[in-house]
>>> print(open('run_1.cif').read())   # mmCIF, C-alpha atoms (C1' of nucleotides)
data_final
#
loop_
_atom_site.group_PDB
_atom_site.id
_atom_site.type_symbol
_atom_site.label_atom_id
_atom_site.label_comp_id
_atom_site.auth_asym_id
_atom_site.auth_seq_id
_atom_site.Cartn_x
_atom_site.Cartn_y
_atom_site.Cartn_z
ATOM 1 C CA MET A 1 140.659 82.816 49.711
ATOM 2 C CA ILE A 2 141.298 86.436 50.466
ATOM 3 C CA ASP A 3 139.670 89.185 48.468
ATOM 4 C CA ARG A 4 142.563 91.552 47.931
ATOM 5 C CA LYS A 5 140.450 94.253 46.392
ATOM 6 C CA ASN A 6 138.379 94.646 49.519
ATOM 7 C CA SER A 7 141.283 94.454 51.897
ATOM 8 C CA VAL A 8 143.333 97.024 50.047
ATOM 9 C CA LYS A 9 140.849 99.837 49.791
ATOM 10 C CA LEU A 10 137.685 100.111 51.789
ATOM 11 C CA ALA A 11 137.960 103.877 51.629
ATOM 12 C CA CYS A 12 135.440 106.193 50.065
ATOM 13 C CA VAL A 13 132.597 103.842 49.224
ATOM 14 C CA ASP A 14 132.631 103.156 45.484
ATOM 15 C CA GLY A 15 135.079 105.953 44.892
ATOM 16 C CA ARG A 16 137.923 105.833 42.427
ATOM 17 C CA SER A 17 140.520 106.148 45.167
ATOM 18 C CA ALA A 18 140.897 107.223 48.791
ATOM 19 C CA CYS A 19 141.855 110.752 47.808
ATOM 20 C CA PRO A 20 139.462 113.279 49.341
ATOM 21 C CA VAL A 21 139.568 115.315 46.139
ATOM 22 C CA ALA A 22 138.677 112.331 43.961
ATOM 23 C CA CYS A 23 135.894 111.291 46.335
ATOM 24 C CA SER A 24 134.470 114.804 46.439
ATOM 25 C CA LEU A 25 134.543 114.970 42.657
ATOM 26 C CA ASP A 26 132.716 111.634 42.403
ATOM 27 C CA LEU A 27 129.795 113.447 43.981
ATOM 28 C CA LEU A 28 130.282 117.061 42.922
ATOM 29 C CA GLY A 29 132.342 116.829 39.769
ATOM 30 C CA ASP A 30 130.063 118.029 37.009
ATOM 31 C CA LYS A 31 128.749 121.259 35.601
ATOM 32 C CA TRP A 32 125.536 121.467 37.619
ATOM 33 C CA THR A 33 125.779 120.032 41.112
ATOM 34 C CA LEU A 34 127.712 122.883 42.701
ATOM 35 C CA LEU A 35 125.443 125.415 41.038
ATOM 36 C CA VAL A 36 122.508 123.891 42.891
ATOM 37 C CA VAL A 37 124.506 124.104 46.107
ATOM 38 C CA ARG A 38 125.311 127.730 45.284
ATOM 39 C CA ASP A 39 121.602 128.495 44.874
ATOM 40 C CA LEU A 40 120.841 126.825 48.195
ATOM 41 C CA LEU A 41 123.559 128.904 49.876
ATOM 42 C CA LEU A 42 121.997 131.981 48.315
ATOM 43 C CA GLY A 43 118.791 131.098 50.116
ATOM 44 C CA LYS A 44 116.808 129.571 47.269
ATOM 45 C CA THR A 45 114.692 126.651 48.398
ATOM 46 C CA THR A 46 112.241 125.551 45.712
ATOM 47 C CA TYR A 47 112.490 123.635 42.477
ATOM 48 C CA SER A 48 111.214 126.560 40.449
ATOM 49 C CA GLU A 49 113.709 128.962 42.002
ATOM 50 C CA PHE A 50 116.562 126.681 40.948
ATOM 51 C CA GLN A 51 115.111 126.563 37.464
ATOM 52 C CA LYS A 52 115.013 130.330 37.249
ATOM 53 C CA SER A 53 118.749 130.722 37.794
ATOM 54 C CA PRO A 54 120.433 132.347 34.807
ATOM 55 C CA GLU A 55 122.342 129.209 33.786
ATOM 56 C CA GLY A 56 119.080 127.462 32.898
ATOM 57 C CA ILE A 57 119.495 123.979 34.291
ATOM 58 C CA PRO A 58 117.403 121.392 32.385
ATOM 59 C CA THR A 59 114.562 120.084 34.543
ATOM 60 C CA ASN A 60 115.501 116.421 34.278
ATOM 61 C CA ILE A 61 119.022 117.175 35.438
ATOM 62 C CA LEU A 62 117.760 119.346 38.272
ATOM 63 C CA ALA A 63 115.469 116.561 39.477
ATOM 64 C CA GLU A 64 118.260 114.008 39.310
ATOM 65 C CA ARG A 65 120.748 116.243 41.134
ATOM 66 C CA LEU A 66 118.311 117.028 43.902
ATOM 67 C CA LYS A 67 117.834 113.305 44.453
ATOM 68 C CA ARG A 68 121.560 112.644 44.487
ATOM 69 C CA LEU A 69 122.306 115.471 46.868
ATOM 70 C CA GLN A 70 119.533 114.313 49.151
ATOM 71 C CA ALA A 71 120.821 110.740 49.035
ATOM 72 C CA ALA A 72 124.295 112.055 49.875
ATOM 73 C CA GLY A 73 122.972 113.954 52.883
ATOM 74 C CA ILE A 74 123.846 117.350 51.475
ATOM 75 C CA LEU A 75 120.302 118.594 51.423
ATOM 76 C CA GLU A 76 116.940 117.742 52.925
ATOM 77 C CA LYS A 77 113.560 117.915 51.279
ATOM 78 C CA SER A 78 110.463 118.867 53.235
ATOM 79 C CA ARG A 79 106.903 119.804 52.459
ATOM 80 C CA TYR A 80 106.351 123.259 53.704
ATOM 81 C CA GLN A 81 102.741 123.270 52.646
ATOM 82 C CA GLU A 82 99.947 120.799 51.966
ATOM 83 C CA ARG A 83 97.172 121.710 49.550
ATOM 84 C CA PRO A 84 98.766 122.429 47.243
ATOM 85 C CA VAL A 85 101.857 120.398 48.118
ATOM 86 C CA ARG A 86 105.008 122.449 48.012
ATOM 87 C CA TYR A 87 108.523 121.315 48.759
ATOM 88 C CA ALA A 88 111.480 123.129 50.217
ATOM 89 C CA TYR A 89 115.071 121.996 49.833
ATOM 90 C CA ARG A 90 117.575 123.048 52.472
ATOM 91 C CA LEU A 91 121.236 122.358 53.032
ATOM 92 C CA THR A 92 122.336 120.165 55.897
ATOM 93 C CA ALA A 93 125.527 120.985 57.827
ATOM 94 C CA LYS A 94 127.374 118.790 55.332
ATOM 95 C CA GLY A 95 126.015 120.895 52.495
ATOM 96 C CA ARG A 96 126.650 124.195 54.222
ATOM 97 C CA ASP A 97 130.263 123.227 54.700
ATOM 98 C CA LEU A 98 130.681 123.269 50.935
ATOM 99 C CA ARG A 99 130.631 127.027 51.273
ATOM 100 C CA SER A 100 134.422 127.062 51.601
ATOM 101 C CA VAL A 101 134.771 125.280 48.256
ATOM 102 C CA LEU A 102 132.376 127.685 46.549
ATOM 103 C CA SER A 103 134.075 130.597 48.253
ATOM 104 C CA ALA A 104 137.451 129.579 46.867
ATOM 105 C CA MET A 105 135.906 129.268 43.409
ATOM 106 C CA ILE A 106 134.425 132.746 43.661
ATOM 107 C CA ASP A 107 137.812 134.221 44.526
ATOM 108 C CA TRP A 108 139.539 132.313 41.766
ATOM 109 C CA GLY A 109 136.878 133.232 39.228
ATOM 110 C CA ASN A 110 136.957 136.885 40.207
ATOM 111 C CA LYS A 111 140.735 136.949 39.918
ATOM 112 C CA TYR A 112 141.094 135.131 36.617
ATOM 113 C CA ILE A 113 137.856 135.311 34.672
ATOM 114 C CA PRO A 114 137.151 138.872 33.603
ATOM 115 C CA GLY A 115 133.561 140.019 33.843
ATOM 116 C CA THR A 116 132.486 137.682 36.625
ATOM 117 C CA ILE A 117 130.383 139.331 39.231
ATOM 118 C CA PRO A 118 132.452 140.268 42.297
ATOM 119 C CA ARG A 119 132.127 138.476 45.630
ATOM 120 C CA GLU A 120 130.836 141.589 47.416
ATOM 121 C CA GLN A 121 127.897 141.749 45.056
ATOM 122 C CA ILE A 122 127.205 138.083 45.683
ATOM 123 C CA GLU A 123 127.471 138.468 49.426
ATOM 124 C CA ALA A 124 125.001 141.327 49.254
ATOM 125 C CA MET A 125 122.425 138.825 47.940
ATOM 126 C CA VAL A 126 123.026 136.279 50.658
ATOM 127 C CA PRO A 127 120.751 135.983 53.700
ATOM 128 C CA GLN A 128 123.300 135.396 56.492
ATOM 129 C CA LEU A 129 126.464 134.162 54.875
ATOM 130 C CA PRO A 130 129.201 136.726 55.652
ATOM 131 C CA GLU A 131 129.812 135.361 59.143
ATOM 132 C CA ASN A 132 132.365 132.588 59.260
ATOM 133 C CA SER A 133 130.155 129.816 60.651
ATOM 134 C CA MET B 1 119.427 147.246 15.003
ATOM 135 C CA ILE B 2 120.829 146.550 18.412
ATOM 136 C CA ASP B 3 122.027 143.132 19.428
ATOM 137 C CA ARG B 4 120.603 142.773 22.901
ATOM 138 C CA LYS B 5 122.353 139.525 23.606
ATOM 139 C CA ASN B 6 125.790 141.088 23.280
ATOM 140 C CA SER B 7 124.934 144.225 25.151
ATOM 141 C CA VAL B 8 123.428 142.389 28.091
ATOM 142 C CA LYS B 9 126.208 139.986 28.938
ATOM 143 C CA LEU B 10 129.729 140.232 27.699
ATOM 144 C CA ALA B 11 130.939 138.582 30.871
ATOM 145 C CA CYS B 12 132.784 135.304 31.083
ATOM 146 C CA VAL B 13 133.458 134.530 27.427
ATOM 147 C CA ASP B 14 131.045 131.816 26.302
ATOM 148 C CA GLY B 15 130.042 131.071 29.875
ATOM 149 C CA ARG B 16 126.536 130.248 30.978
ATOM 150 C CA SER B 17 126.340 133.345 33.158
ATOM 151 C CA ALA B 18 128.540 135.962 34.798
ATOM 152 C CA CYS B 19 128.682 133.996 38.048
ATOM 153 C CA PRO B 20 132.286 133.206 38.987
ATOM 154 C CA VAL B 21 131.188 129.763 40.171
ATOM 155 C CA ALA B 22 129.413 128.949 36.903
ATOM 156 C CA CYS B 23 132.362 130.230 34.866
ATOM 157 C CA SER B 24 134.843 128.228 36.916
ATOM 158 C CA LEU B 25 132.708 125.129 36.478
ATOM 159 C CA ASP B 26 132.576 125.657 32.709
ATOM 160 C CA LEU B 27 136.305 124.988 32.778
ATOM 161 C CA LEU B 28 136.769 122.756 35.805
ATOM 162 C CA GLY B 29 133.390 121.118 36.294
ATOM 163 C CA ASP B 30 133.960 117.453 35.535
ATOM 164 C CA LYS B 31 135.384 114.378 37.189
ATOM 165 C CA TRP B 32 138.947 114.660 35.854
ATOM 166 C CA THR B 33 140.179 118.210 35.380
ATOM 167 C CA LEU B 34 140.797 119.011 39.030
ATOM 168 C CA LEU B 35 142.515 115.660 39.524
ATOM 169 C CA VAL B 36 145.076 116.657 36.919
ATOM 170 C CA VAL B 37 145.539 119.958 38.749
ATOM 171 C CA ARG B 38 145.927 118.015 41.988
ATOM 172 C CA ASP B 39 148.671 115.893 40.445
ATOM 173 C CA LEU B 40 150.444 118.997 39.204
ATOM 174 C CA LEU B 41 150.264 120.518 42.681
ATOM 175 C CA LEU B 42 151.723 117.301 44.022
ATOM 176 C CA GLY B 43 154.712 117.883 41.786
ATOM 177 C CA LYS B 44 153.932 115.476 38.964
ATOM 178 C CA THR B 45 154.924 116.825 35.583
ATOM 179 C CA THR B 46 154.739 114.151 32.886
ATOM 180 C CA TYR B 47 151.963 112.483 30.974
ATOM 181 C CA SER B 48 152.895 109.067 32.272
ATOM 182 C CA GLU B 49 152.948 110.261 35.874
ATOM 183 C CA PHE B 50 149.387 111.520 35.513
ATOM 184 C CA GLN B 51 148.394 108.193 34.026
ATOM 185 C CA LYS B 52 149.846 106.326 36.971
ATOM 186 C CA SER B 53 147.609 108.062 39.507
ATOM 187 C CA PRO B 54 145.330 105.607 41.274
ATOM 188 C CA GLU B 55 142.139 106.912 39.667
ATOM 189 C CA GLY B 56 143.306 105.673 36.268
ATOM 190 C CA ILE B 57 142.405 108.485 33.920
ATOM 191 C CA PRO B 58 141.781 107.261 30.351
ATOM 192 C CA THR B 59 144.548 108.445 28.038
ATOM 193 C CA ASN B 60 142.289 110.195 25.555
ATOM 194 C CA ILE B 61 140.718 112.219 28.337
ATOM 195 C CA LEU B 62 144.078 113.055 29.830
ATOM 196 C CA ALA B 63 145.335 114.334 26.468
ATOM 197 C CA GLU B 64 142.205 116.414 25.957
ATOM 198 C CA ARG B 65 142.331 117.902 29.463
ATOM 199 C CA LEU B 66 145.974 118.832 29.166
ATOM 200 C CA LYS B 67 145.157 120.726 25.971
ATOM 201 C CA ARG B 68 142.221 122.511 27.563
ATOM 202 C CA LEU B 69 144.157 123.483 30.650
ATOM 203 C CA GLN B 70 146.997 124.748 28.512
ATOM 204 C CA ALA B 71 144.587 126.733 26.334
ATOM 205 C CA ALA B 72 143.076 128.184 29.502
ATOM 206 C CA GLY B 73 146.481 129.265 30.767
ATOM 207 C CA ILE B 74 146.386 126.985 33.782
ATOM 208 C CA LEU B 75 149.417 125.002 32.771
ATOM 209 C CA GLU B 76 152.360 125.259 30.408
ATOM 210 C CA LYS B 77 153.942 122.527 28.354
ATOM 211 C CA SER B 78 157.642 122.463 27.668
ATOM 212 C CA ARG B 79 160.139 120.004 26.238
ATOM 213 C CA TYR B 80 162.602 119.214 28.906
ATOM 214 C CA GLN B 81 164.575 116.942 26.650
ATOM 215 C CA GLU B 82 165.185 116.411 22.938
ATOM 216 C CA ARG B 83 166.113 112.972 21.667
ATOM 217 C CA PRO B 84 163.936 111.409 22.764
ATOM 218 C CA VAL B 85 161.439 114.249 23.095
ATOM 219 C CA ARG B 86 159.942 114.479 26.556
ATOM 220 C CA TYR B 87 157.439 116.990 27.808
ATOM 221 C CA ALA B 88 156.886 118.534 31.201
ATOM 222 C CA TYR B 89 153.627 120.148 32.287
ATOM 223 C CA ARG B 90 153.757 122.807 34.966
ATOM 224 C CA LEU B 91 151.151 125.018 36.584
ATOM 225 C CA THR B 92 151.106 128.742 35.919
ATOM 226 C CA ALA B 93 150.213 131.191 38.691
ATOM 227 C CA LYS B 94 146.594 130.853 37.571
ATOM 228 C CA GLY B 95 146.797 127.122 38.043
ATOM 229 C CA ARG B 96 148.620 127.292 41.336
ATOM 230 C CA ASP B 97 145.885 129.563 42.677
ATOM 231 C CA LEU B 98 143.470 126.651 42.350
ATOM 232 C CA ARG B 99 145.188 125.257 45.412
ATOM 233 C CA SER B 100 142.642 127.004 47.629
ATOM 234 C CA VAL B 101 139.792 125.221 45.854
ATOM 235 C CA LEU B 102 141.507 121.846 46.177
ATOM 236 C CA SER B 103 142.385 122.617 49.762
ATOM 237 C CA ALA B 104 138.749 123.270 50.619
ATOM 238 C CA MET B 105 137.789 119.999 48.939
ATOM 239 C CA ILE B 106 140.378 118.100 50.954
ATOM 240 C CA ASP B 107 138.997 119.496 54.207
ATOM 241 C CA TRP B 108 135.425 118.787 53.192
ATOM 242 C CA GLY B 109 136.279 115.282 52.023
ATOM 243 C CA ASN B 110 138.213 114.497 55.187
ATOM 244 C CA LYS B 111 135.338 115.726 57.318
ATOM 245 C CA TYR B 112 132.480 113.990 55.526
ATOM 246 C CA ILE B 113 133.811 111.064 53.507
ATOM 247 C CA PRO B 114 135.120 108.371 55.814
ATOM 248 C CA GLY B 115 138.309 106.660 54.756
ATOM 249 C CA THR B 116 139.738 109.498 52.710
ATOM 250 C CA ILE B 117 143.395 110.055 53.267
ATOM 251 C CA PRO B 118 143.998 112.930 55.679
ATOM 252 C CA ARG B 119 145.407 116.282 54.601
ATOM 253 C CA GLU B 120 148.598 115.864 56.665
ATOM 254 C CA GLN B 121 149.455 112.733 54.750
ATOM 255 C CA ILE B 122 148.855 114.567 51.489
ATOM 256 C CA GLU B 123 150.942 117.523 52.558
ATOM 257 C CA ALA B 124 153.759 115.175 53.439
ATOM 258 C CA MET B 125 153.890 114.184 49.757
ATOM 259 C CA VAL B 126 153.996 117.732 48.475
ATOM 260 C CA PRO B 127 157.247 119.424 47.454
ATOM 261 C CA GLN B 128 156.773 122.955 48.825
ATOM 262 C CA LEU B 129 153.075 123.441 49.350
ATOM 263 C CA PRO B 130 152.525 124.001 53.084
ATOM 264 C CA GLU B 131 153.468 127.697 52.937
ATOM 265 C CA ASN B 132 150.592 129.989 52.185
ATOM 266 C CA SER B 133 151.860 131.485 48.899
ATOM 267 C "C1'" DT C 1 85.604 126.790 32.899
ATOM 268 C "C1'" DT C 2 89.940 128.070 31.435
ATOM 269 C "C1'" DA C 3 94.486 129.368 32.134
ATOM 270 C "C1'" DG C 4 98.484 129.239 35.062
ATOM 271 C "C1'" DT C 5 101.864 127.369 38.548
ATOM 272 C "C1'" DT C 6 104.707 123.801 40.844
ATOM 273 C "C1'" DG C 7 107.246 119.818 40.710
ATOM 274 C "C1'" DC C 8 108.200 116.663 38.285
ATOM 275 C "C1'" DT C 9 108.679 112.411 34.271
ATOM 276 C "C1'" DT C 10 109.446 110.723 29.541
ATOM 277 C "C1'" DG C 11 111.463 110.485 24.914
ATOM 278 C "C1'" DC C 12 114.929 111.220 22.094
ATOM 279 C "C1'" DA C 13 119.077 113.465 19.775
ATOM 280 C "C1'" DT C 14 123.621 114.834 20.738
ATOM 281 C "C1'" DA C 15 127.823 115.036 23.437
ATOM 282 C "C1'" DT C 16 131.027 113.193 26.674
ATOM 283 C "C1'" DT C 17 133.265 109.078 28.846
ATOM 284 C "C1'" DG C 18 135.626 104.927 29.126
ATOM 285 C "C1'" DC C 19 138.048 101.085 27.283
ATOM 286 C "C1'" DA C 20 141.088 98.908 24.099
ATOM 287 C "C1'" DA C 21 144.072 99.097 20.596
ATOM 288 C "C1'" DG C 22 147.245 101.284 17.523
ATOM 289 C "C1'" DT C 23 151.075 104.629 16.270
ATOM 290 C "C1'" DC C 24 155.547 106.931 16.194
ATOM 291 C "C1'" DA C 25 159.863 108.154 17.740
ATOM 292 C "C1'" DC C 26 162.947 106.862 20.102
ATOM 293 C "C1'" DT C 27 166.126 103.651 23.905
ATOM 294 C "C1'" DT C 28 167.859 99.670 25.962
ATOM 295 C "C1'" DG C 29 169.425 94.889 26.244
ATOM 296 C "C1'" DA C 30 170.950 90.520 23.992
ATOM 297 C "C1'" DT D 1 170.985 94.371 14.545
ATOM 298 C "C1'" DC D 2 166.899 93.205 16.197
ATOM 299 C "C1'" DA D 3 163.257 92.504 19.463
ATOM 300 C "C1'" DA D 4 161.159 94.463 23.252
ATOM 301 C "C1'" DG D 5 160.218 98.439 25.839
ATOM 302 C "C1'" DT D 6 158.770 103.392 27.021
ATOM 303 C "C1'" DG D 7 156.626 108.026 26.579
ATOM 304 C "C1'" DA D 8 153.214 110.611 24.585
ATOM 305 C "C1'" DC D 9 149.782 110.387 22.281
ATOM 306 C "C1'" DT D 10 145.556 109.206 18.476
ATOM 307 C "C1'" DT D 11 141.657 106.513 16.853
ATOM 308 C "C1'" DG D 12 137.428 103.669 17.050
ATOM 309 C "C1'" DC D 13 133.556 102.539 19.219
ATOM 310 C "C1'" DA D 14 130.206 101.253 22.921
ATOM 311 C "C1'" DA D 15 128.147 103.039 27.084
ATOM 312 C "C1'" DT D 16 126.635 106.825 29.691
ATOM 313 C "C1'" DA D 17 125.290 111.623 30.503
ATOM 314 C "C1'" DT D 18 123.451 115.947 28.903
ATOM 315 C "C1'" DG D 19 120.136 119.018 26.750
ATOM 316 C "C1'" DC D 20 115.771 120.106 24.772
ATOM 317 C "C1'" DA D 21 110.918 119.700 24.297
ATOM 318 C "C1'" DA D 22 106.819 117.938 25.654
ATOM 319 C "C1'" DG D 23 103.679 115.938 28.827
ATOM 320 C "C1'" DC D 24 101.322 115.405 33.296
ATOM 321 C "C1'" DA D 25 99.021 115.617 37.926
ATOM 322 C "C1'" DA D 26 97.430 118.394 41.393
ATOM 323 C "C1'" DC D 27 96.189 122.128 42.590
ATOM 324 C "C1'" DT D 28 94.836 127.833 42.496
ATOM 325 C "C1'" DA D 29 93.108 132.012 40.741
ATOM 326 C "C1'" DA D 30 90.091 134.571 37.335
#
>>> encode(input="run_1.cif", output="structure tokens")
Amino acid sequence: MIDRKNSVKLACVDGRSACPVACSLDLLGDKWTLLVVRDLLLGKTTYSEFQKSPEGIPTNILAERLKRLQAAGILEKSRYQERPVRYAYRLTAKGRDLRSVLSAMIDWGNKYIPGTIPREQIEAMVPQLPENS
Amino acid sequence: MIDRKNSVKLACVDGRSACPVACSLDLLGDKWTLLVVRDLLLGKTTYSEFQKSPEGIPTNILAERLKRLQAAGILEKSRYQERPVRYAYRLTAKGRDLRSVLSAMIDWGNKYIPGTIPREQIEAMVPQLPENS
DNA sequence: TTAGTTGCTTGCATATTGCAAGTCACTTGA
DNA sequence: TCAAGTGACTTGCAATATGCAAGCAACTAA
């Protein structure tokens, strides 16, 4: 007996379809996940820095998102200090490559949502983003 | 008596902050909205066509999203036929400009989510997308 | 010794999703 | 003419996710 479901779509583990947009949204499609990625791209690395962002992410959601992003290989968690223990979160290459998505959102937001802070001002805050890599 | 709240941030009506990413996510940050935009970019125009997409969007959510996107000026609704009434949804310039966001997601998905259908195959389905405008 | 910081977890109310079914105005086929 | 669709939704309700407040453990600094 052949399992049709498995033979028809193996793509995008547990995704809704094999569409790269749908699969990306399965992971990133909510109000908070990409904001965490944004903060990481801006050079923030600690839990408390993410909390301090102006959007005010609830702490339970932040904790859950960090776990999910780590499980998805988008970021890595490391202790950067024992006594007292302190953790740093950093993007992997997979996470850094989301920059193009965020970049497109910045341009779209700047063009169509009045009052959003312009890309140049954002780039001025970034450690070493401007270069294309 | 001065209202500090209003004087400090007028940006991004009702948004969580003035960040273009946060403001974009206020509108687009969920699992379904960008899939509807994707379908529109692929040339789909009717309610039932959106429903037929492989992700299987629930009808109540589809109806709600279409209203929100229309209210946000991302798409326009028009009757293309009286008796029986039939509606067509089409992207505005604002909506079409989301192509760059979707495009970045396609590239990211293709690169990091195995089994997602490749951009060339998607472009082959599109009416007149390939050109840069 | 007391207060403060970091990185969380827990509880609970509210909001959003997802599924199924129903509705209304038609059209099409028998 | 009458039953069975079809397109575009709406409604009800259970399941899941979000948002807020509080709590907590392990430290540090005063």
>>> calpha_fit_and_write(input="run_1.cif", fixed="chain A", moving="chain B", output="compact mmCIF listing (two decimals) with C-alpha atoms, in the frame of the given file")
# COMPACT_ATOMS: atom_id res chain seq x y z
CA MET B 1 140.69 82.70 49.60
CA ILE B 2 141.33 86.31 50.37
CA ASP B 3 139.69 89.10 48.45
CA ARG B 4 142.55 91.50 47.91
CA LYS B 5 140.40 94.18 46.39
CA ASN B 6 138.35 94.59 49.55
CA SER B 7 141.27 94.39 51.89
CA VAL B 8 143.30 96.98 50.02
CA LYS B 9 140.82 99.81 49.79
CA LEU B 10 137.67 100.09 51.79
CA ALA B 11 137.95 103.86 51.65
CA CYS B 12 135.44 106.19 50.08
CA VAL B 13 132.57 103.84 49.25
CA ASP B 14 132.60 103.16 45.51
CA GLY B 15 135.06 105.97 44.91
CA ARG B 16 137.90 105.84 42.43
CA SER B 17 140.50 106.17 45.17
CA ALA B 18 140.87 107.22 48.79
CA CYS B 19 141.84 110.76 47.80
CA PRO B 20 139.45 113.29 49.36
CA VAL B 21 139.56 115.32 46.14
CA ALA B 22 138.66 112.33 43.96
CA CYS B 23 135.88 111.29 46.34
CA SER B 24 134.46 114.80 46.45
CA LEU B 25 134.53 114.96 42.67
CA ASP B 26 132.70 111.63 42.42
CA LEU B 27 129.78 113.45 44.01
CA LEU B 28 130.28 117.06 42.95
CA GLY B 29 132.35 116.83 39.78
CA ASP B 30 130.06 118.04 37.03
CA LYS B 31 128.75 121.29 35.61
CA TRP B 32 125.53 121.49 37.65
CA THR B 33 125.78 120.05 41.14
CA LEU B 34 127.72 122.89 42.72
CA LEU B 35 125.43 125.43 41.06
CA VAL B 36 122.50 123.91 42.90
CA VAL B 37 124.51 124.13 46.13
CA ARG B 38 125.30 127.75 45.29
CA ASP B 39 121.60 128.51 44.89
CA LEU B 40 120.84 126.86 48.20
CA LEU B 41 123.55 128.93 49.88
CA LEU B 42 121.98 132.00 48.32
CA GLY B 43 118.78 131.12 50.13
CA LYS B 44 116.79 129.58 47.30
CA THR B 45 114.69 126.65 48.41
CA THR B 46 112.24 125.57 45.72
CA TYR B 47 112.50 123.65 42.49
CA SER B 48 111.21 126.56 40.46
CA GLU B 49 113.69 128.97 42.03
CA PHE B 50 116.56 126.72 40.97
CA GLN B 51 115.12 126.58 37.48
CA LYS B 52 115.00 130.35 37.27
CA SER B 53 118.74 130.75 37.81
CA PRO B 54 120.42 132.35 34.81
CA GLU B 55 122.33 129.22 33.80
CA GLY B 56 119.07 127.48 32.92
CA ILE B 57 119.50 124.00 34.31
CA PRO B 58 117.44 121.40 32.40
CA THR B 59 114.60 120.11 34.56
CA ASN B 60 115.51 116.44 34.29
CA ILE B 61 119.03 117.19 35.48
CA LEU B 62 117.78 119.36 38.30
CA ALA B 63 115.47 116.58 39.51
CA GLU B 64 118.26 114.02 39.34
CA ARG B 65 120.75 116.25 41.17
CA LEU B 66 118.31 117.05 43.94
CA LYS B 67 117.84 113.32 44.50
CA ARG B 68 121.57 112.66 44.53
CA LEU B 69 122.30 115.50 46.90
CA GLN B 70 119.54 114.34 49.20
CA ALA B 71 120.83 110.76 49.09
CA ALA B 72 124.29 112.09 49.91
CA GLY B 73 122.98 113.99 52.91
CA ILE B 74 123.86 117.38 51.50
CA LEU B 75 120.31 118.63 51.45
CA GLU B 76 116.94 117.77 52.95
CA LYS B 77 113.55 117.93 51.31
CA SER B 78 110.47 118.87 53.25
CA ARG B 79 106.88 119.78 52.45
CA TYR B 80 106.30 123.25 53.63
CA GLN B 81 102.70 123.20 52.56
CA GLU B 82 99.94 120.67 51.88
CA ARG B 83 97.19 121.52 49.43
CA PRO B 84 98.77 122.22 47.10
CA VAL B 85 101.88 120.26 48.04
CA ARG B 86 105.02 122.37 47.92
CA TYR B 87 108.53 121.29 48.73
CA ALA B 88 111.46 123.14 50.21
CA TYR B 89 115.07 122.02 49.84
CA ARG B 90 117.55 123.08 52.49
CA LEU B 91 121.22 122.39 53.05
CA THR B 92 122.35 120.21 55.93
CA ALA B 93 125.54 121.03 57.85
CA LYS B 94 127.38 118.84 55.34
CA GLY B 95 126.03 120.93 52.52
CA ARG B 96 126.65 124.24 54.21
CA ASP B 97 130.28 123.25 54.71
CA LEU B 98 130.69 123.30 50.94
CA ARG B 99 130.64 127.06 51.27
CA SER B 100 134.42 127.08 51.59
CA VAL B 101 134.77 125.30 48.25
CA LEU B 102 132.38 127.71 46.55
CA SER B 103 134.09 130.62 48.24
CA ALA B 104 137.46 129.59 46.84
CA MET B 105 135.90 129.28 43.39
CA ILE B 106 134.43 132.76 43.64
CA ASP B 107 137.82 134.23 44.50
CA TRP B 108 139.55 132.31 41.74
CA GLY B 109 136.88 133.23 39.21
CA ASN B 110 136.97 136.90 40.17
CA LYS B 111 140.74 136.94 39.88
CA TYR B 112 141.10 135.12 36.57
CA ILE B 113 137.84 135.30 34.64
CA PRO B 114 137.14 138.85 33.57
CA GLY B 115 133.56 140.01 33.83
CA THR B 116 132.49 137.68 36.60
CA ILE B 117 130.38 139.33 39.22
CA PRO B 118 132.45 140.27 42.26
CA ARG B 119 132.14 138.49 45.60
CA GLU B 120 130.84 141.60 47.40
CA GLN B 121 127.90 141.76 45.05
CA ILE B 122 127.21 138.09 45.68
CA GLU B 123 127.48 138.49 49.42
CA ALA B 124 125.01 141.34 49.26
CA MET B 125 122.44 138.85 47.94
CA VAL B 126 123.04 136.30 50.67
CA PRO B 127 120.78 136.03 53.72
CA GLN B 128 123.29 135.41 56.52
CA LEU B 129 126.45 134.15 54.90
CA PRO B 130 129.19 136.71 55.63
CA GLU B 131 129.89 135.35 59.13
CA ASN B 132 132.44 132.60 59.24
CA SER B 133 130.25 129.80 60.64
>>> atom_distance(input="run_1.cif", atom1="CA of Ile117 in chain B", atom2="CA of Ala18 in chain A")
5.9 Å
>>> interface_residues(input="run_1.cif", of="chain A", to="chain B", cutoff="8 Å", atoms="all atoms listed in the file", output="number ranges by chain")
A: 10-12, 16-26, 29-32, 35, 54-55, 94, 97-98, 100-102, 104-110, 112-118
>>> closest_atom_pairs(input="run_1.cif", of="chain B", to="chain C", cutoff="10 Å", atoms="all atoms listed in the file", output="JSON lines")
{"residue": "B:Ile57", "atom": "CA", "partner": "C:DG18", "partner_atom": "C1'", "distance": 9.0}
{"residue": "B:Pro58", "atom": "CA", "partner": "C:DG18", "partner_atom": "C1'", "distance": 6.7}
{"residue": "B:Thr59", "atom": "CA", "partner": "C:DG18", "partner_atom": "C1'", "distance": 9.7}
{"residue": "B:Asn60", "atom": "CA", "partner": "C:DG18", "partner_atom": "C1'", "distance": 9.2}
{"residue": "B:Ile61", "atom": "CA", "partner": "C:DT17", "partner_atom": "C1'", "distance": 8.1}
{"residue": "B:Arg83", "atom": "CA", "partner": "C:DC26", "partner_atom": "C1'", "distance": 7.1}
{"residue": "B:Pro84", "atom": "CA", "partner": "C:DC26", "partner_atom": "C1'", "distance": 5.4}
{"residue": "B:Val85", "atom": "CA", "partner": "C:DC26", "partner_atom": "C1'", "distance": 8.1}
>>> resolve_selection(input="run_1.cif", expression="the PyMOL selection byres ((chain A and resi 42) around 9)", output="PyMOL selection string")
chain A and resi 37-41+43-44+122-123+125-129
